[in-house]
Amino acid sequence: MPDQDDSPNVTADEAPADASPAVTARLFAGLESLARGGGAEQPLPLSLAPTVAALCETVGLAAEAIGLVLVNGVHAEAATPLHPGDEVSLFPPVGGG
């Protein structure tokens with residue numbers, strides 16, 4: 001199969017429930033209210049979330065809404081590739097003074 005992405009744009013709400021392999025997005029501190037579906041924990045097929053950036057886009061979160069990303073408890077960046085079973089925790093930016 002060629003390595004091109006001609007899959008249709010599918011949101012987390014439209015993803016098949018039994019799709020595997022999967023990753024889990026865990027949204028904290030109000031991000032769940034900004035995301036599609038509004039859930040604090042959203043399982044996603046890896047095909048929709050091969051990287052942290054793609055996962056954020058799939059759940060409907062803009063890059064500026066994310067302050068901290070952890071993949072399996074370890075700090076990660078937008079370009080971090082995801083693997084089956086990964087848990088991605090997303091937190092908003094922290095302000096204060």
# chains A, B, ... in the order shown; residues from 1 in each chain; ligands from 1

call {"tool": "residues_around", "arguments": {"residues": "Gln42 (chain A)", "least_positions_apart": "4", "cutoff": "9 Å", "atoms": "only C-alpha atoms", "output": "ChimeraX atom specification"}}
result
/A:12,23-27,37-38,59

call {"tool": "write_last_selection", "arguments": {"atoms": "N, CA and C atoms", "output": "PDB file, in the first residue's frame"}}
result
ATOM      1  N   ALA A  12     -13.116  12.305  16.174  1.00  0.00           N
ATOM      2  CA  ALA A  12     -13.128  11.293  17.226  1.00  0.00           C
ATOM      3  C   ALA A  12     -14.525  10.732  17.424  1.00  0.00           C
ATOM      4  N   VAL A  23      -5.022   4.623  20.899  1.00  0.00           N
ATOM      5  CA  VAL A  23      -4.361   5.433  21.914  1.00  0.00           C
ATOM      6  C   VAL A  23      -5.474   6.107  22.712  1.00  0.00           C
ATOM      7  N   THR A  24      -5.144   6.612  23.882  1.00  0.00           N
ATOM      8  CA  THR A  24      -6.147   7.275  24.709  1.00  0.00           C
ATOM      9  C   THR A  24      -5.711   8.693  25.000  1.00  0.00           C
ATOM     10  N   ALA A  25      -6.600   9.642  24.707  1.00  0.00           N
ATOM     11  CA  ALA A  25      -6.384  11.035  25.064  1.00  0.00           C
ATOM     12  C   ALA A  25      -7.044  11.280  26.407  1.00  0.00           C
ATOM     13  N   ARG A  26      -6.302  11.835  27.343  1.00  0.00           N
ATOM     14  CA  ARG A  26      -6.839  12.195  28.651  1.00  0.00           C
ATOM     15  C   ARG A  26      -6.712  13.700  28.787  1.00  0.00           C
ATOM     16  N   LEU A  27      -7.849  14.358  28.962  1.00  0.00           N
ATOM     17  CA  LEU A  27      -7.902  15.824  28.968  1.00  0.00           C
ATOM     18  C   LEU A  27      -8.160  16.331  30.385  1.00  0.00           C
ATOM     19  N   GLY A  37     -16.784  16.095  21.598  1.00  0.00           N
ATOM     20  CA  GLY A  37     -17.266  15.001  22.419  1.00  0.00           C
ATOM     21  C   GLY A  37     -17.319  15.339  23.894  1.00  0.00           C
ATOM     22  N   GLY A  38     -16.522  16.300  24.338  1.00  0.00           N
ATOM     23  CA  GLY A  38     -16.570  16.763  25.706  1.00  0.00           C
ATOM     24  C   GLY A  38     -16.141  15.766  26.750  1.00  0.00           C
ATOM     25  N   VAL A  59      -9.150  15.561  18.302  1.00  0.00           N
ATOM     26  CA  VAL A  59     -10.091  15.857  19.384  1.00  0.00           C
ATOM     27  C   VAL A  59     -10.547  17.306  19.365  1.00  0.00           C
TER      28      VAL A  59
END

call {"tool": "residues_around", "arguments": {"residues": "Pro81 (chain A)", "least_positions_apart": "3", "cutoff": "8 Å", "atoms": "only C-alpha atoms", "output": "list in words"}}
result
Pro50, Thr51 and Val52 of chain A

call {"tool": "atom_distance", "arguments": {"atom1": "CA of Cys56 (chain A)", "atom2": "CA of Val94 (chain A)"}}
result
18.0 Å

call {"tool": "closest_residue", "arguments": {"among": "A:Ala65, A:Ala76, A:Leu82, A:Leu34", "to": "Ser47 (chain A)", "atoms": "only C-alpha atoms"}}
result
A:Leu82

call {"tool": "closest_residue", "arguments": {"among": "A:Ala40, A:Ala78, A:Leu48, A:Ala29", "to": "Ala63 (chain A)", "atoms": "only C-alpha atoms"}}
result
A:Ala78

call {"tool": "closest_residue", "arguments": {"among": "A:Pro93, A:Pro43, A:Gly73, A:Gly30", "to": "Leu55 (chain A)", "atoms": "only C-alpha atoms"}}
result
A:Pro43

call {"tool": "atom_distance", "arguments": {"atom1": "CA of Ser33 (chain A)", "atom2": "CA of Thr80 (chain A)"}}
result
24.3 Å

call {"tool": "atom_distance", "arguments": {"atom1": "CA of Glu32 (chain A)", "atom2": "CA of Val69 (chain A)"}}
result
14.3 Å

call {"tool": "decode", "arguments": {"residues": "region 33-57 of chain A", "atoms": "N, CA and C atoms", "output": "PDB file, in the first residue's frame"}}
result
ATOM      1  N   SER A  33     -13.905  20.311  28.143  1.00  0.00           N
ATOM      2  CA  SER A  33     -15.047  21.116  27.706  1.00  0.00           C
ATOM      3  C   SER A  33     -14.785  21.788  26.355  1.00  0.00           C
ATOM      4  N   LEU A  34     -13.526  21.892  25.955  1.00  0.00           N
ATOM      5  CA  LEU A  34     -13.174  22.489  24.668  1.00  0.00           C
ATOM      6  C   LEU A  34     -13.107  21.468  23.542  1.00  0.00           C
ATOM      7  N   ALA A  35     -12.972  20.205  23.906  1.00  0.00           N
ATOM      8  CA  ALA A  35     -12.757  19.147  22.915  1.00  0.00           C
ATOM      9  C   ALA A  35     -14.067  18.649  22.317  1.00  0.00           C
ATOM     10  N   ARG A  36     -13.956  18.088  21.116  1.00  0.00           N
ATOM     11  CA  ARG A  36     -15.108  17.426  20.503  1.00  0.00           C
ATOM     12  C   ARG A  36     -15.512  16.259  21.399  1.00  0.00           C
ATOM     13  N   GLY A  37     -16.784  16.095  21.598  1.00  0.00           N
ATOM     14  CA  GLY A  37     -17.266  15.001  22.419  1.00  0.00           C
ATOM     15  C   GLY A  37     -17.319  15.339  23.894  1.00  0.00           C
ATOM     16  N   GLY A  38     -16.522  16.300  24.338  1.00  0.00           N
ATOM     17  CA  GLY A  38     -16.570  16.763  25.706  1.00  0.00           C
ATOM     18  C   GLY A  38     -16.141  15.766  26.750  1.00  0.00           C
ATOM     19  N   GLY A  39     -15.529  14.652  26.367  1.00  0.00           N
ATOM     20  CA  GLY A  39     -15.129  13.661  27.358  1.00  0.00           C
ATOM     21  C   GLY A  39     -13.723  13.885  27.867  1.00  0.00           C
ATOM     22  N   ALA A  40     -13.497  13.550  29.130  1.00  0.00           N
ATOM     23  CA  ALA A  40     -12.177  13.685  29.723  1.00  0.00           C
ATOM     24  C   ALA A  40     -11.230  12.591  29.266  1.00  0.00           C
ATOM     25  N   GLU A  41     -11.779  11.471  28.823  1.00  0.00           N
ATOM     26  CA  GLU A  41     -10.963  10.359  28.318  1.00  0.00           C
ATOM     27  C   GLU A  41     -11.549   9.911  26.991  1.00  0.00           C
ATOM     28  N   GLN A  42     -10.727   9.957  25.941  1.00  0.00           N
ATOM     29  CA  GLN A  42     -11.211   9.641  24.613  1.00  0.00           C
ATOM     30  C   GLN A  42     -10.286   8.633  23.935  1.00  0.00           C
ATOM     31  N   PRO A  43     -10.747   7.403  23.729  1.00  0.00           N
ATOM     32  CA  PRO A  43      -9.940   6.456  22.960  1.00  0.00           C
ATOM     33  C   PRO A  43     -10.033   6.793  21.475  1.00  0.00           C
ATOM     34  N   LEU A  44      -8.915   6.719  20.791  1.00  0.00           N
ATOM     35  CA  LEU A  44      -8.852   7.049  19.371  1.00  0.00           C
ATOM     36  C   LEU A  44      -8.062   5.983  18.626  1.00  0.00           C
ATOM     37  N   PRO A  45      -8.475   5.665  17.400  1.00  0.00           N
ATOM     38  CA  PRO A  45      -7.656   4.751  16.601  1.00  0.00           C
ATOM     39  C   PRO A  45      -6.314   5.400  16.283  1.00  0.00           C
ATOM     40  N   LEU A  46      -5.267   4.627  16.308  1.00  0.00           N
ATOM     41  CA  LEU A  46      -3.933   5.137  16.026  1.00  0.00           C
ATOM     42  C   LEU A  46      -3.864   5.761  14.634  1.00  0.00           C
ATOM     43  N   SER A  47      -4.679   5.283  13.713  1.00  0.00           N
ATOM     44  CA  SER A  47      -4.680   5.847  12.355  1.00  0.00           C
ATOM     45  C   SER A  47      -5.102   7.312  12.343  1.00  0.00           C
ATOM     46  N   LEU A  48      -5.895   7.753  13.324  1.00  0.00           N
ATOM     47  CA  LEU A  48      -6.304   9.154  13.428  1.00  0.00           C
ATOM     48  C   LEU A  48      -5.351   9.973  14.284  1.00  0.00           C
ATOM     49  N   ALA A  49      -4.481   9.302  15.025  1.00  0.00           N
ATOM     50  CA  ALA A  49      -3.606   9.999  15.971  1.00  0.00           C
ATOM     51  C   ALA A  49      -2.198   9.409  15.958  1.00  0.00           C
ATOM     52  N   PRO A  50      -1.504   9.478  14.817  1.00  0.00           N
ATOM     53  CA  PRO A  50      -0.151   8.907  14.773  1.00  0.00           C
ATOM     54  C   PRO A  50       0.886   9.745  15.519  1.00  0.00           C
ATOM     55  N   THR A  51       0.562  11.019  15.788  1.00  0.00           N
ATOM     56  CA  THR A  51       1.444  11.905  16.547  1.00  0.00           C
ATOM     57  C   THR A  51       0.605  12.672  17.562  1.00  0.00           C
ATOM     58  N   VAL A  52       1.277  13.327  18.496  1.00  0.00           N
ATOM     59  CA  VAL A  52       0.570  14.155  19.471  1.00  0.00           C
ATOM     60  C   VAL A  52      -0.206  15.260  18.757  1.00  0.00           C
ATOM     61  N   ALA A  53       0.400  15.906  17.768  1.00  0.00           N
ATOM     62  CA  ALA A  53      -0.278  16.984  17.037  1.00  0.00           C
ATOM     63  C   ALA A  53      -1.543  16.479  16.351  1.00  0.00           C
ATOM     64  N   ALA A  54      -1.483  15.315  15.731  1.00  0.00           N
ATOM     65  CA  ALA A  54      -2.658  14.745  15.063  1.00  0.00           C
ATOM     66  C   ALA A  54      -3.738  14.389  16.071  1.00  0.00           C
ATOM     67  N   LEU A  55      -3.341  13.890  17.230  1.00  0.00           N
ATOM     68  CA  LEU A  55      -4.317  13.577  18.279  1.00  0.00           C
ATOM     69  C   LEU A  55      -5.040  14.845  18.714  1.00  0.00           C
ATOM     70  N   CYS A  56      -4.296  15.918  18.931  1.00  0.00           N
ATOM     71  CA  CYS A  56      -4.915  17.182  19.349  1.00  0.00           C
ATOM     72  C   CYS A  56      -5.889  17.682  18.288  1.00  0.00           C
ATOM     73  N   GLU A  57      -5.491  17.598  17.040  1.00  0.00           N
ATOM     74  CA  GLU A  57      -6.364  18.025  15.949  1.00  0.00           C
ATOM     75  C   GLU A  57      -7.612  17.153  15.888  1.00  0.00           C
TER      76      GLU A  57
END
